[in-house]
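See below for upload_24.txt, which holds compact mmCIF, C-alpha atoms and all ligand atoms.
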```
# COMPACT_ATOMS: atom_id res chain seq x y z
CA MET A 1 22.57 5.30 -7.48
CA SER A 2 21.66 7.05 -10.75
CA LYS A 3 19.63 10.20 -10.61
CA ILE A 4 15.85 9.75 -10.95
CA THR A 5 14.10 11.88 -13.55
CA ALA A 6 10.36 12.02 -14.22
CA ALA A 7 9.65 10.70 -17.70
CA ILE A 8 6.39 11.12 -19.59
CA THR A 9 5.58 7.51 -20.45
CA ALA A 10 2.08 7.85 -21.94
CA VAL A 11 -0.31 10.51 -23.22
CA GLY A 12 -4.11 10.53 -23.55
CA GLY A 13 -6.54 13.16 -24.72
CA TYR A 14 -10.20 13.90 -25.20
CA VAL A 15 -12.23 16.61 -26.91
CA PRO A 16 -16.03 16.60 -27.06
CA GLU A 17 -17.67 15.99 -30.44
CA THR A 18 -19.72 19.19 -30.76
CA LYS A 19 -17.98 21.85 -32.85
CA LEU A 20 -18.64 25.56 -32.47
CA THR A 21 -17.36 27.19 -35.65
CA ASN A 22 -16.58 30.82 -36.42
CA PHE A 23 -19.65 30.76 -38.67
CA ASP A 24 -21.80 29.61 -35.73
CA LEU A 25 -20.40 32.52 -33.69
CA GLU A 26 -21.21 34.99 -36.51
CA LYS A 27 -24.87 34.20 -35.76
CA MET A 28 -24.44 34.77 -32.02
CA VAL A 29 -22.34 37.96 -31.73
CA ASP A 30 -21.10 40.78 -33.96
CA THR A 31 -18.00 39.05 -35.37
CA ASN A 32 -16.85 37.29 -38.49
CA ASP A 33 -14.71 34.34 -39.52
CA GLU A 34 -12.05 36.51 -41.17
CA TRP A 35 -11.54 38.66 -38.02
CA ILE A 36 -11.29 35.64 -35.74
CA ARG A 37 -8.88 33.71 -37.97
CA SER A 38 -6.60 36.67 -38.70
CA ARG A 39 -6.46 37.89 -35.06
CA THR A 40 -6.27 34.52 -33.30
CA GLY A 41 -5.76 31.63 -35.74
CA ILE A 42 -8.94 29.91 -34.50
CA SER A 43 -11.52 28.39 -36.87
CA GLU A 44 -13.53 26.20 -34.49
CA ARG A 45 -13.57 24.90 -30.94
CA ARG A 46 -15.16 21.90 -29.18
CA ILE A 47 -17.96 22.31 -26.64
CA LEU A 48 -19.20 19.84 -24.00
CA ARG A 49 -22.91 20.33 -24.52
CA GLU A 50 -24.51 17.47 -22.58
CA PRO A 51 -26.27 18.69 -19.42
CA GLY A 52 -24.83 17.24 -16.23
CA LYS A 53 -21.35 16.79 -17.74
CA ALA A 54 -18.38 18.58 -16.23
CA THR A 55 -14.61 18.99 -16.42
CA SER A 56 -14.07 15.56 -14.81
CA ASP A 57 -16.01 14.01 -17.73
CA LEU A 58 -13.40 15.48 -20.10
CA ALA A 59 -10.49 14.27 -17.96
CA VAL A 60 -11.73 10.71 -17.40
CA PRO A 61 -11.59 9.49 -21.05
CA ALA A 62 -8.17 11.13 -21.46
CA ILE A 63 -6.80 9.20 -18.47
CA GLN A 64 -8.60 6.00 -19.48
CA GLU A 65 -6.74 6.14 -22.79
CA ILE A 66 -3.47 6.08 -20.81
CA LEU A 67 -4.66 3.16 -18.65
CA LYS A 68 -5.52 1.22 -21.79
CA LYS A 69 -2.29 2.02 -23.64
CA LYS A 70 -0.16 1.02 -20.64
CA ASN A 71 -2.42 -1.85 -19.55
CA LEU A 72 -2.32 -0.14 -16.16
CA ASP A 73 -4.49 -1.03 -13.17
CA PRO A 74 -5.91 2.30 -11.86
CA ALA A 75 -5.14 1.10 -8.32
CA GLU A 76 -1.44 1.50 -9.18
CA ILE A 77 -1.76 5.28 -9.60
CA ASP A 78 -0.23 7.13 -6.64
CA CYS A 79 -1.37 10.66 -7.37
CA ILE A 80 -3.64 12.66 -9.69
CA ILE A 81 -2.97 16.36 -10.20
CA CYS A 82 -5.71 18.16 -12.11
CA ALA A 83 -4.84 21.55 -13.57
CA THR A 84 -8.07 23.46 -14.13
CA VAL A 85 -9.87 26.77 -13.67
CA THR A 86 -13.25 25.13 -14.21
CA PRO A 87 -13.47 22.54 -11.43
CA ASP A 88 -16.68 20.47 -11.28
CA MET A 89 -17.41 22.26 -7.98
CA VAL A 90 -15.61 24.91 -5.91
CA PHE A 91 -14.82 22.01 -3.59
CA PRO A 92 -13.97 19.18 -3.34
CA ALA A 93 -11.16 18.96 -5.86
CA THR A 94 -11.99 17.64 -9.31
CA ALA A 95 -8.94 15.35 -9.01
CA ASN A 96 -10.83 13.39 -6.33
CA ILE A 97 -13.91 13.08 -8.52
CA ILE A 98 -11.73 11.89 -11.40
CA GLY A 99 -10.00 9.38 -9.11
CA ASP A 100 -13.34 7.95 -8.07
CA LYS A 101 -14.61 7.73 -11.65
CA ILE A 102 -11.53 5.87 -12.94
CA GLY A 103 -11.15 3.61 -9.89
CA ALA A 104 -7.84 5.04 -8.65
CA THR A 105 -8.51 3.73 -5.17
CA ASN A 106 -4.97 4.23 -3.87
CA ALA A 107 -4.32 7.70 -5.27
CA PHE A 108 -4.39 11.03 -3.50
CA GLY A 109 -5.27 14.00 -5.64
CA PHE A 110 -5.62 17.73 -5.76
CA ASP A 111 -6.43 20.54 -8.17
CA LEU A 112 -3.94 23.15 -9.20
CA ASN A 113 -5.04 26.55 -10.44
CA ALA A 114 -2.52 28.35 -12.59
CA ALA A 115 -4.96 29.11 -15.43
CA CYS A 116 -3.38 28.63 -18.87
CA SER A 117 -0.02 27.75 -17.29
CA GLY A 118 -1.72 25.10 -15.14
CA PHE A 119 -0.34 22.12 -17.02
CA LEU A 120 3.25 23.35 -16.69
CA PHE A 121 2.85 24.06 -12.98
CA ALA A 122 1.19 20.65 -12.41
CA LEU A 123 3.79 18.82 -14.50
CA THR A 124 6.62 20.38 -12.49
CA THR A 125 4.86 19.48 -9.22
CA GLY A 126 4.21 15.91 -10.36
CA ALA A 127 7.81 15.55 -11.56
CA SER A 128 9.08 16.56 -8.11
CA TYR A 129 7.07 13.73 -6.50
CA ILE A 130 8.69 11.24 -8.87
CA GLU A 131 12.21 12.73 -8.58
CA SER A 132 12.01 12.48 -4.78
CA GLY A 133 11.52 8.73 -5.13
CA ARG A 134 8.39 8.90 -2.97
CA TYR A 135 5.86 8.10 -5.71
CA LYS A 136 6.03 5.85 -8.77
CA LYS A 137 3.06 6.75 -10.94
CA VAL A 138 1.65 10.28 -11.16
CA ILE A 139 -1.11 11.38 -13.53
CA VAL A 140 -1.03 15.03 -14.55
CA VAL A 141 -4.18 16.12 -16.36
CA GLY A 142 -5.04 19.52 -17.83
CA ALA A 143 -8.81 19.81 -18.18
CA ASP A 144 -11.13 22.72 -18.72
CA LYS A 145 -14.78 23.09 -19.61
CA MET A 146 -14.33 26.75 -20.56
CA SER A 147 -17.85 26.87 -22.04
CA ALA A 148 -19.07 26.84 -18.41
CA ILE A 149 -17.49 30.27 -17.73
CA VAL A 150 -17.72 31.94 -21.14
CA ASP A 151 -20.31 34.61 -21.87
CA TYR A 152 -21.60 33.79 -25.35
CA THR A 153 -22.84 37.35 -25.76
CA ASP A 154 -19.32 38.82 -25.27
CA ARG A 155 -17.41 38.81 -28.56
CA ASN A 156 -14.15 39.68 -26.78
CA THR A 157 -13.98 36.28 -25.10
CA CYS A 158 -16.47 33.82 -26.60
CA ILE A 159 -14.47 33.42 -29.80
CA LEU A 160 -11.37 32.31 -27.93
CA PHE A 161 -12.14 29.36 -25.71
CA GLY A 162 -13.02 25.68 -26.09
CA ASP A 163 -13.40 22.55 -23.96
CA GLY A 164 -10.95 19.66 -23.73
CA ALA A 165 -8.62 17.58 -21.59
CA ALA A 166 -5.38 15.70 -21.94
CA ALA A 167 -3.17 13.83 -19.52
CA VAL A 168 0.30 12.37 -19.13
CA LEU A 169 1.65 9.57 -16.96
CA LEU A 170 4.89 10.37 -15.13
CA GLU A 171 7.18 7.52 -14.09
CA ALA A 172 10.71 7.30 -12.75
CA ASN A 173 13.57 7.05 -15.23
CA THR A 174 17.27 6.51 -14.58
CA GLU A 175 18.50 7.10 -18.15
CA GLY A 176 17.98 10.86 -18.09
CA TYR A 177 14.68 11.07 -19.97
CA GLY A 178 11.79 13.29 -18.92
CA ILE A 179 11.52 16.70 -17.30
CA GLN A 180 14.96 18.38 -17.37
CA ASP A 181 14.25 21.91 -16.21
CA SER A 182 11.33 24.20 -15.50
CA LEU A 183 11.14 27.95 -15.24
CA LEU A 184 7.87 29.06 -13.67
CA LYS A 185 6.71 32.59 -12.85
CA SER A 186 3.73 34.28 -11.19
CA ASP A 187 2.79 37.95 -10.92
CA GLY A 188 -0.44 38.68 -9.07
CA SER A 189 -0.48 42.29 -10.25
CA GLY A 190 -1.85 40.88 -13.51
CA VAL A 191 -5.13 39.88 -11.86
CA LYS A 192 -6.98 42.95 -13.13
CA PHE A 193 -6.50 41.96 -16.76
CA LEU A 194 -7.84 38.40 -16.59
CA HIS A 195 -10.15 37.07 -13.89
CA MET A 196 -13.64 36.07 -12.83
CA LYS A 197 -15.19 38.86 -10.81
CA ALA A 198 -17.57 36.92 -8.56
CA GLY A 199 -18.05 33.49 -7.07
CA GLY A 200 -14.98 33.58 -4.81
CA SER A 201 -14.75 34.69 -1.18
CA LEU A 202 -14.19 38.28 -2.29
CA LYS A 203 -17.58 38.46 -3.94
CA PRO A 204 -19.78 35.45 -3.22
CA ALA A 205 -22.59 34.73 -5.68
CA THR A 206 -25.66 36.93 -5.38
CA VAL A 207 -28.61 37.58 -7.65
CA GLU A 208 -26.91 40.87 -8.54
CA SER A 209 -23.59 39.21 -9.42
CA VAL A 210 -25.38 36.80 -11.73
CA LEU A 211 -27.37 39.57 -13.40
CA ALA A 212 -24.16 41.60 -13.85
CA LYS A 213 -22.58 38.56 -15.61
CA GLU A 214 -19.74 38.49 -13.09
CA HIS A 215 -19.43 34.69 -13.13
CA TYR A 216 -17.86 34.67 -16.57
CA ALA A 217 -14.21 34.99 -17.61
CA PHE A 218 -13.25 38.65 -18.02
CA GLN A 219 -10.23 39.57 -20.13
CA GLU A 220 -8.65 42.82 -21.25
CA GLY A 221 -7.30 41.13 -24.36
CA GLN A 222 -4.83 43.69 -25.64
CA SER A 223 -3.05 44.08 -22.27
CA VAL A 224 -2.85 40.32 -21.77
CA PHE A 225 -1.54 39.97 -25.32
CA LYS A 226 1.43 42.27 -24.64
CA PHE A 227 2.41 40.47 -21.43
CA ALA A 228 1.88 37.06 -23.05
CA VAL A 229 4.14 37.73 -26.03
CA LYS A 230 6.94 38.91 -23.76
CA GLY A 231 6.41 36.35 -20.98
CA MET A 232 6.28 33.25 -23.15
CA ALA A 233 9.15 34.31 -25.40
CA ASP A 234 11.38 35.47 -22.49
CA ALA A 235 10.81 32.29 -20.47
CA SER A 236 11.54 30.03 -23.46
CA ALA A 237 14.69 31.96 -24.40
CA GLU A 238 15.95 31.96 -20.78
CA LEU A 239 15.29 28.23 -20.46
CA LEU A 240 17.36 27.53 -23.59
CA GLN A 241 20.14 29.81 -22.43
CA ARG A 242 20.52 28.32 -18.97
CA ASN A 243 20.61 24.81 -20.45
CA ASN A 244 23.22 25.87 -23.06
CA LEU A 245 20.85 25.05 -25.91
CA THR A 246 19.86 26.88 -29.09
CA GLY A 247 16.82 26.48 -31.34
CA ASP A 248 18.81 23.92 -33.35
CA ASP A 249 18.82 21.56 -30.36
CA ILE A 250 15.03 21.64 -30.02
CA ALA A 251 12.87 19.14 -31.91
CA TRP A 252 9.55 20.74 -30.98
CA LEU A 253 8.10 23.81 -29.31
CA VAL A 254 4.83 22.88 -27.60
CA PRO A 255 3.20 26.23 -26.90
CA HIS A 256 0.01 27.14 -25.07
CA GLN A 257 -2.60 27.81 -27.75
CA ALA A 258 -4.06 31.22 -26.93
CA ASN A 259 -3.25 33.15 -30.06
CA LEU A 260 -1.29 32.20 -33.18
CA ARG A 261 0.52 35.55 -33.06
CA ILE A 262 1.83 34.82 -29.54
CA ILE A 263 2.99 31.37 -30.68
CA ASP A 264 4.78 32.85 -33.72
CA ALA A 265 6.54 35.46 -31.56
CA THR A 266 7.82 32.75 -29.18
CA ALA A 267 9.04 30.53 -32.03
CA ASN A 268 10.82 33.48 -33.68
CA ARG A 269 12.54 34.43 -30.44
CA MET A 270 13.82 30.83 -30.07
CA GLY A 271 14.97 30.77 -33.70
CA LEU A 272 12.64 27.87 -34.52
CA ALA A 273 11.16 27.11 -37.93
CA LYS A 274 7.38 26.81 -38.04
CA GLU A 275 7.66 23.10 -38.90
CA LYS A 276 8.99 22.53 -35.38
CA VAL A 277 6.02 24.14 -33.64
CA MET A 278 2.92 22.21 -32.57
CA ILE A 279 -0.13 24.25 -33.54
CA ASN A 280 -3.73 23.04 -33.29
CA ILE A 281 -5.40 26.27 -32.15
CA SER A 282 -7.37 26.34 -35.39
CA LYS A 283 -9.36 23.22 -34.34
CA TYR A 284 -9.70 23.60 -30.58
CA GLY A 285 -9.20 27.27 -29.66
CA ASN A 286 -7.86 27.97 -26.18
CA THR A 287 -8.66 25.02 -23.91
CA THR A 288 -6.71 26.66 -21.02
CA ALA A 289 -4.92 23.91 -19.02
CA ALA A 290 -5.44 21.33 -21.78
CA THR A 291 -3.67 22.99 -24.73
CA ILE A 292 -0.13 21.66 -24.20
CA PRO A 293 -1.01 18.01 -23.44
CA LEU A 294 -3.57 18.05 -26.29
CA CYS A 295 -0.69 18.94 -28.63
CA LEU A 296 1.40 16.06 -27.23
CA TRP A 297 -1.58 13.76 -27.74
CA GLU A 298 -1.93 14.78 -31.39
CA TRP A 299 1.78 14.76 -32.21
CA GLU A 300 2.70 11.62 -30.22
CA SER A 301 3.37 9.49 -33.31
CA GLN A 302 5.88 12.08 -34.62
CA LEU A 303 7.92 12.21 -31.41
CA ASN A 304 11.15 10.24 -31.09
CA LYS A 305 12.94 9.03 -28.00
CA GLY A 306 15.54 11.63 -27.03
CA ASP A 307 13.79 14.59 -28.72
CA ASN A 308 14.20 17.85 -26.81
CA LEU A 309 10.83 19.57 -26.35
CA VAL A 310 10.11 23.00 -24.91
CA PHE A 311 6.66 23.50 -23.40
CA ALA A 312 5.74 27.20 -22.97
CA ALA A 313 2.68 28.92 -21.53
CA PHE A 314 1.23 32.22 -20.34
CA GLY A 315 -2.05 32.74 -18.53
CA GLY A 316 -4.22 34.36 -15.91
CA GLY A 317 -2.60 35.35 -12.65
CA PHE A 318 -0.40 36.26 -14.39
CA THR A 319 1.35 32.90 -14.58
CA TRP A 320 3.88 31.82 -17.18
CA GLY A 321 6.83 29.60 -17.81
CA ALA A 322 8.69 27.08 -19.91
CA THR A 323 9.70 23.46 -19.34
CA LEU A 324 12.39 21.42 -21.06
CA VAL A 325 11.56 17.76 -21.65
CA LYS A 326 13.62 14.93 -23.15
CA TRP A 327 11.02 12.64 -24.74
CA GLY A 328 11.30 9.18 -23.25
CA PHE A 329 9.41 6.70 -25.44
O1 LIG B 401 -4.67 32.15 -22.58
C1 LIG B 401 -4.66 33.09 -21.58
C2 LIG B 401 -4.00 34.32 -21.97
N1 LIG B 401 -4.78 35.00 -22.96
C3 LIG B 401 -4.21 35.43 -24.06
O2 LIG B 401 -3.04 35.17 -24.28
C4 LIG B 401 -5.04 36.27 -24.99
C5 LIG B 401 -4.27 37.50 -25.38
N2 LIG B 401 -5.05 38.43 -26.20
C6 LIG B 401 -5.38 38.17 -27.48
O3 LIG B 401 -5.16 37.09 -27.98
C7 LIG B 401 -5.98 39.31 -28.29
O4 LIG B 401 -5.85 40.51 -27.57
C8 LIG B 401 -7.47 39.09 -28.68
C9 LIG B 401 -7.57 38.00 -29.73
C10 LIG B 401 -8.28 38.75 -27.46
C11 LIG B 401 -8.02 40.37 -29.32
O5 LIG B 401 -7.23 40.74 -30.44
P1 LIG B 401 -6.66 42.22 -30.58
O6 LIG B 401 -5.92 42.26 -31.85
O7 LIG B 401 -5.91 42.56 -29.32
O8 LIG B 401 -7.97 43.07 -30.71
P2 LIG B 401 -8.49 44.26 -29.82
O9 LIG B 401 -9.00 43.78 -28.51
O10 LIG B 401 -7.44 45.33 -29.81
O11 LIG B 401 -9.70 44.80 -30.68
C12 LIG B 401 -9.49 45.38 -31.99
C13 LIG B 401 -10.85 45.76 -32.56
C14 LIG B 401 -11.71 46.55 -31.58
O12 LIG B 401 -12.47 47.49 -32.34
P3 LIG B 401 -12.00 49.03 -32.45
O13 LIG B 401 -11.99 49.54 -31.03
O14 LIG B 401 -10.64 48.99 -33.08
O15 LIG B 401 -13.06 49.62 -33.31
C15 LIG B 401 -12.63 45.52 -31.00
O16 LIG B 401 -13.84 46.08 -30.55
O17 LIG B 401 -11.59 44.57 -32.84
C16 LIG B 401 -12.86 44.62 -32.17
N3 LIG B 401 -13.24 43.27 -31.79
C17 LIG B 401 -13.85 42.39 -32.61
N4 LIG B 401 -14.25 42.51 -33.89
C18 LIG B 401 -14.82 41.42 -34.45
C19 LIG B 401 -13.02 42.64 -30.61
N5 LIG B 401 -13.48 41.38 -30.65
C20 LIG B 401 -13.99 41.21 -31.89
C21 LIG B 401 -14.61 40.13 -32.53
N6 LIG B 401 -15.00 40.27 -33.81
N7 LIG B 401 -14.79 38.93 -31.91
```
Can you present the structure in this file as C-alpha cells?
Amino acid sequence: MSKITAAITAVGGYVPETKLTNFDLEKMVDTNDEWIRSRTGISERRILREPGKATSDLAVPAIQEILKKKNLDPAEIDCIICATVTPDMVFPATANIIGDKIGATNAFGFDLNAACSGFLFALTTGASYIESGRYKKVIVVGADKMSAIVDYTDRNTCILFGDGAAAVLLEANTEGYGIQDSLLKSDGSGVKFLHMKAGGSLKPATVESVLAKEHYAFQEGQSVFKFAVKGMADASAELLQRNNLTGDDIAWLVPHQANLRIIDATANRMGLAKEKVMINISKYGNTTAATIPLCLWEWESQLNKGDNLVFAAFGGGFTWGATLVKWGF
C-alpha cells in the first residue's frame, strides 16, 4: 500500500470589514504611521467590532468557504482543530462552538494553544490523524480575535495585532502531496516575555486584576524580537537541511506575520528572494494563529501543484517551528 500523506485540498479565509489604520492609532496613543511602518511593516489591521461576536464568528465563514468550494457536506468532517489564544470562552473549546455553527455533526474538535505558532502545531497534529488512516477529513483553522485581549492604551502592543481567521482542509493523498516534514519547538522559559498575567488558574480574575489591566497581552517586544529572528530562521534552515533542499527548491516561504524585519531575516537565511515570500502584514498586522493560512488564502491562485512551501512561525510560549508542504492542488 502506498504511504498516506496529508494534503491541503482547500483553503478559506475571513477578515472583518472594519479597518484600524496607523492614522487611527495616532489619535489613540503616542505613535505615528512612520514609526509603525518602519519598525513593523504594518499599515492597518482588521477589527471585529460587532458586540456579541467572537473568534468562532471569524472561523465559521472561513470554513464555510471551504465547504462551498469543495461542495462538502459538513457532516463529512471528522475533526476540527482550532488554533487560538482568544477562545470564545475559557471552556468549552471554540472548536466545538464552530462545529455546532457549521453543522459538523459528526466531528470531534478541540482547541490548541501555541500562540503565533498555533497553526503549525495544529496542522502537524491534523496531518498525523490523516497519515494514521484513522480520519479522512480534518479542518485546521487558525483564528484569533486579538482585539479582545489588546490594551488600546498601550502603544507597545496595540499597533501590532489584528483579527482574522483562515482554515485548510486536510485529506489523504497517496501521490506524495501535502505535509512532508515538521520541526516544532517549545521553550517555556520564554513565558516572561509574552503572556497574559491574569485570568488563568495562577491568577483568577479579580476587580484588582482588571483594574491593573492584567487581562491584556503583555509583551517585552525587543526580547521577543531577538528570539523570534533566531528561532524562525534557525528552524527554517534546519528544515531545509534535513530534507536536502536549498532556497532554490522552495517556491514560497509562508512566514508568520509579526514583523517585516523578522520575515526578511528568515528569507535571507534561507537564501530566498523577496518575490518568493508571502507578505500581507501591511494589511492585517499580526493575527496570531491566522497569519499563515491567511497568506495561503490570498496567494492560492498563484500556487501550483507540486510547489514546495515552507511555513515558519515564532510565538508566545515560546513556541516556534517550520513545516515543509508539497502543494497538492
Ligand atoms: O507574534 C508573536 C511574537 N512577537 C513578535 O515576534 C514581536 C517581536 N517584537 C517586535 O516586533 C518589536 O520588538 C516591536 C515592533 C514590538 C518593537 O520594535 P523595536 O524596534 O523593538 O522597538 P523598541 O521596543 O526597542 O522601542 C524603541 C523605541 C522606544 O523608545 P526609547 O526608549 O528608544 O526612547 C519605545 O518607547 O520606540 C518607542 N516605542 C514607540 N514609539 C512610537 C515603542 N512603541 C512605540 C510606538 N510608537 N507604537
Legend entry - Residue nearest ligand LIG 401 (chain B) - candidates A:Asp144, A:Asp248, A:Asp100, A:Glu26, atoms counted: all atoms listed in the file: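 Residue with the minimum atom-to-atom distance to ligand LIG 401 (chain B): A:Glu26.
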Legend entry - Atom pair CA of Ile263 (chain A) / atom P3 of ligand LIG 401 (chain B): separation (Å): 23.2 Å
Inset, instruction - List all protein, DNA and RNA residues that have at least one atom no more than 6 Å from any atom of ligand LIG 401 (chain B), counting all atoms listed in the file, and write them as JSON, numbers by chain. - result: {"A": [31, 32, 35, 39, 40, 116, 155, 156, 159, 221, 222, 224, 225, 228, 258, 259, 314, 315, 316]}
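Distance annotation: of A:Gly176, A:Gly247, A:Gly99, A:Pro87, the residue with the minimal separation from Gln64 (chain A) is A:Gly99; atom set is all atoms listed in the file.
In this model, the gap between CA of Ala143 (chain A) and CA of Ala59 (chain A) comes to 5.8 Å.
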Inset, instruction - Considering all atoms listed in the file, state which residue in the set A:Pro293, A:Gly41, A:Pro255, A:Gly190 is at the smallest distance from Ala313 (chain A). - result: A:Pro255
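From CA of Ser132 (chain A) back to CA of Leu239 (chain A), the distance works out to 22.5 Å.
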Legend entry - Residue nearest Ser117 (chain A) among A:Ser301, A:Asn268, A:Ser186, A:Ser2 (counting all atoms listed in the file):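 Closest to Ser117 (chain A) of all the choices is A:Ser186.
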Inset, instruction - Mind checking which residues fall within 12 Å of Trp299 (chain A), counting only C-alpha atoms, ignoring those fewer than 3 positions away in the same chain, and posting them as a ChimeraX atom specification? - result: /A:11-13,251-254,276-280,292-296,302-304,309
Inset, instruction - Find the residues with any atom within 8 Å of (2.3, 5.9, -10.1); use all atoms listed in the file and the coordinates as given in the file, and write the answer as a list in words. - result: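 The distance filter leaves exactly Glu76, Ile77, Asp78, Cys79, Tyr135, Lys136, Lys137, Val138, Ile139, Leu169, Leu170 and Glu171 of chain A.
If only C-alpha atoms are the atoms counted, then among A:Gly199, A:Gly162, A:Gly188, A:Gly271 the closest residue to Thr21 (chain A) is A:Gly162.
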Inset, instruction - Find the residue from A:Phe318, A:Phe311, A:Ala198, A:Ala205 that sits nearest to Gly231 (chain A); use only C-alpha atoms when measuring. - result: A:Phe318
Box along x, y and z, 5 Å on every side, all listed atoms of region 101-116 of chain A inside: centre and edge lengths in Å to one decimal, as JSON.
```
{"center_x": -8.6, "center_y": 16.4, "center_z": -11.2, "size_x": 22.1, "size_y": 35.5, "size_z": 25.4}
```
Counting only C-alpha atoms, find residues at most 12 Å from (3.5, 19.0, -16.2) (file frame) and give them as a PDB file with C-alpha atoms, keeping the file's coordinate frame.
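Output file selection32.pdb follows:
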```
ATOM      1  CA  ALA A   6      10.360  12.020 -14.220  1.00  0.00           C
ATOM      2  CA  ALA A   7       9.650  10.700 -17.700  1.00  0.00           C
ATOM      3  CA  ILE A   8       6.390  11.120 -19.590  1.00  0.00           C
ATOM      4  CA  VAL A  11      -0.310  10.510 -23.220  1.00  0.00           C
ATOM      5  CA  ILE A  80      -3.640  12.660  -9.690  1.00  0.00           C
ATOM      6  CA  ILE A  81      -2.970  16.360 -10.200  1.00  0.00           C
ATOM      7  CA  CYS A  82      -5.710  18.160 -12.110  1.00  0.00           C
ATOM      8  CA  ALA A  83      -4.840  21.550 -13.570  1.00  0.00           C
ATOM      9  CA  LEU A 112      -3.940  23.150  -9.200  1.00  0.00           C
ATOM     10  CA  ALA A 114      -2.520  28.350 -12.590  1.00  0.00           C
ATOM     11  CA  SER A 117      -0.020  27.750 -17.290  1.00  0.00           C
ATOM     12  CA  GLY A 118      -1.720  25.100 -15.140  1.00  0.00           C
ATOM     13  CA  PHE A 119      -0.340  22.120 -17.020  1.00  0.00           C
ATOM     14  CA  LEU A 120       3.250  23.350 -16.690  1.00  0.00           C
ATOM     15  CA  PHE A 121       2.850  24.060 -12.980  1.00  0.00           C
ATOM     16  CA  ALA A 122       1.190  20.650 -12.410  1.00  0.00           C
ATOM     17  CA  LEU A 123       3.790  18.820 -14.500  1.00  0.00           C
ATOM     18  CA  THR A 124       6.620  20.380 -12.490  1.00  0.00           C
ATOM     19  CA  THR A 125       4.860  19.480  -9.220  1.00  0.00           C
ATOM     20  CA  GLY A 126       4.210  15.910 -10.360  1.00  0.00           C
ATOM     21  CA  ALA A 127       7.810  15.550 -11.560  1.00  0.00           C
ATOM     22  CA  SER A 128       9.080  16.560  -8.110  1.00  0.00           C
ATOM     23  CA  TYR A 129       7.070  13.730  -6.500  1.00  0.00           C
ATOM     24  CA  ILE A 130       8.690  11.240  -8.870  1.00  0.00           C
ATOM     25  CA  VAL A 138       1.650  10.280 -11.160  1.00  0.00           C
ATOM     26  CA  ILE A 139      -1.110  11.380 -13.530  1.00  0.00           C
ATOM     27  CA  VAL A 140      -1.030  15.030 -14.550  1.00  0.00           C
ATOM     28  CA  VAL A 141      -4.180  16.120 -16.360  1.00  0.00           C
ATOM     29  CA  GLY A 142      -5.040  19.520 -17.830  1.00  0.00           C
ATOM     30  CA  ALA A 166      -5.380  15.700 -21.940  1.00  0.00           C
ATOM     31  CA  ALA A 167      -3.170  13.830 -19.520  1.00  0.00           C
ATOM     32  CA  VAL A 168       0.300  12.370 -19.130  1.00  0.00           C
ATOM     33  CA  LEU A 169       1.650   9.570 -16.960  1.00  0.00           C
ATOM     34  CA  LEU A 170       4.890  10.370 -15.130  1.00  0.00           C
ATOM     35  CA  GLY A 178      11.790  13.290 -18.920  1.00  0.00           C
ATOM     36  CA  ILE A 179      11.520  16.700 -17.300  1.00  0.00           C
ATOM     37  CA  GLN A 180      14.960  18.380 -17.370  1.00  0.00           C
ATOM     38  CA  ASP A 181      14.250  21.910 -16.210  1.00  0.00           C
ATOM     39  CA  SER A 182      11.330  24.200 -15.500  1.00  0.00           C
ATOM     40  CA  LEU A 183      11.140  27.950 -15.240  1.00  0.00           C
ATOM     41  CA  LEU A 184       7.870  29.060 -13.670  1.00  0.00           C
ATOM     42  CA  ALA A 289      -4.920  23.910 -19.020  1.00  0.00           C
ATOM     43  CA  ALA A 290      -5.440  21.330 -21.780  1.00  0.00           C
ATOM     44  CA  THR A 291      -3.670  22.990 -24.730  1.00  0.00           C
ATOM     45  CA  ILE A 292      -0.130  21.660 -24.200  1.00  0.00           C
ATOM     46  CA  PRO A 293      -1.010  18.010 -23.440  1.00  0.00           C
ATOM     47  CA  LEU A 296       1.400  16.060 -27.230  1.00  0.00           C
ATOM     48  CA  VAL A 310      10.110  23.000 -24.910  1.00  0.00           C
ATOM     49  CA  PHE A 311       6.660  23.500 -23.400  1.00  0.00           C
ATOM     50  CA  ALA A 312       5.740  27.200 -22.970  1.00  0.00           C
ATOM     51  CA  ALA A 313       2.680  28.920 -21.530  1.00  0.00           C
ATOM     52  CA  GLY A 321       6.830  29.600 -17.810  1.00  0.00           C
ATOM     53  CA  ALA A 322       8.690  27.080 -19.910  1.00  0.00           C
ATOM     54  CA  THR A 323       9.700  23.460 -19.340  1.00  0.00           C
ATOM     55  CA  LEU A 324      12.390  21.420 -21.060  1.00  0.00           C
ATOM     56  CA  VAL A 325      11.560  17.760 -21.650  1.00  0.00           C
TER      57      VAL A 325
END
```
Inset, instruction - Find the residues around Ile281 (chain A) up to 7 Å (only C-alpha atoms counted), leave out those fewer than 4 positions away in its own chain, and share them as an MDAnalysis selection string. - result: chainID A and resid 41:42 257 285:286
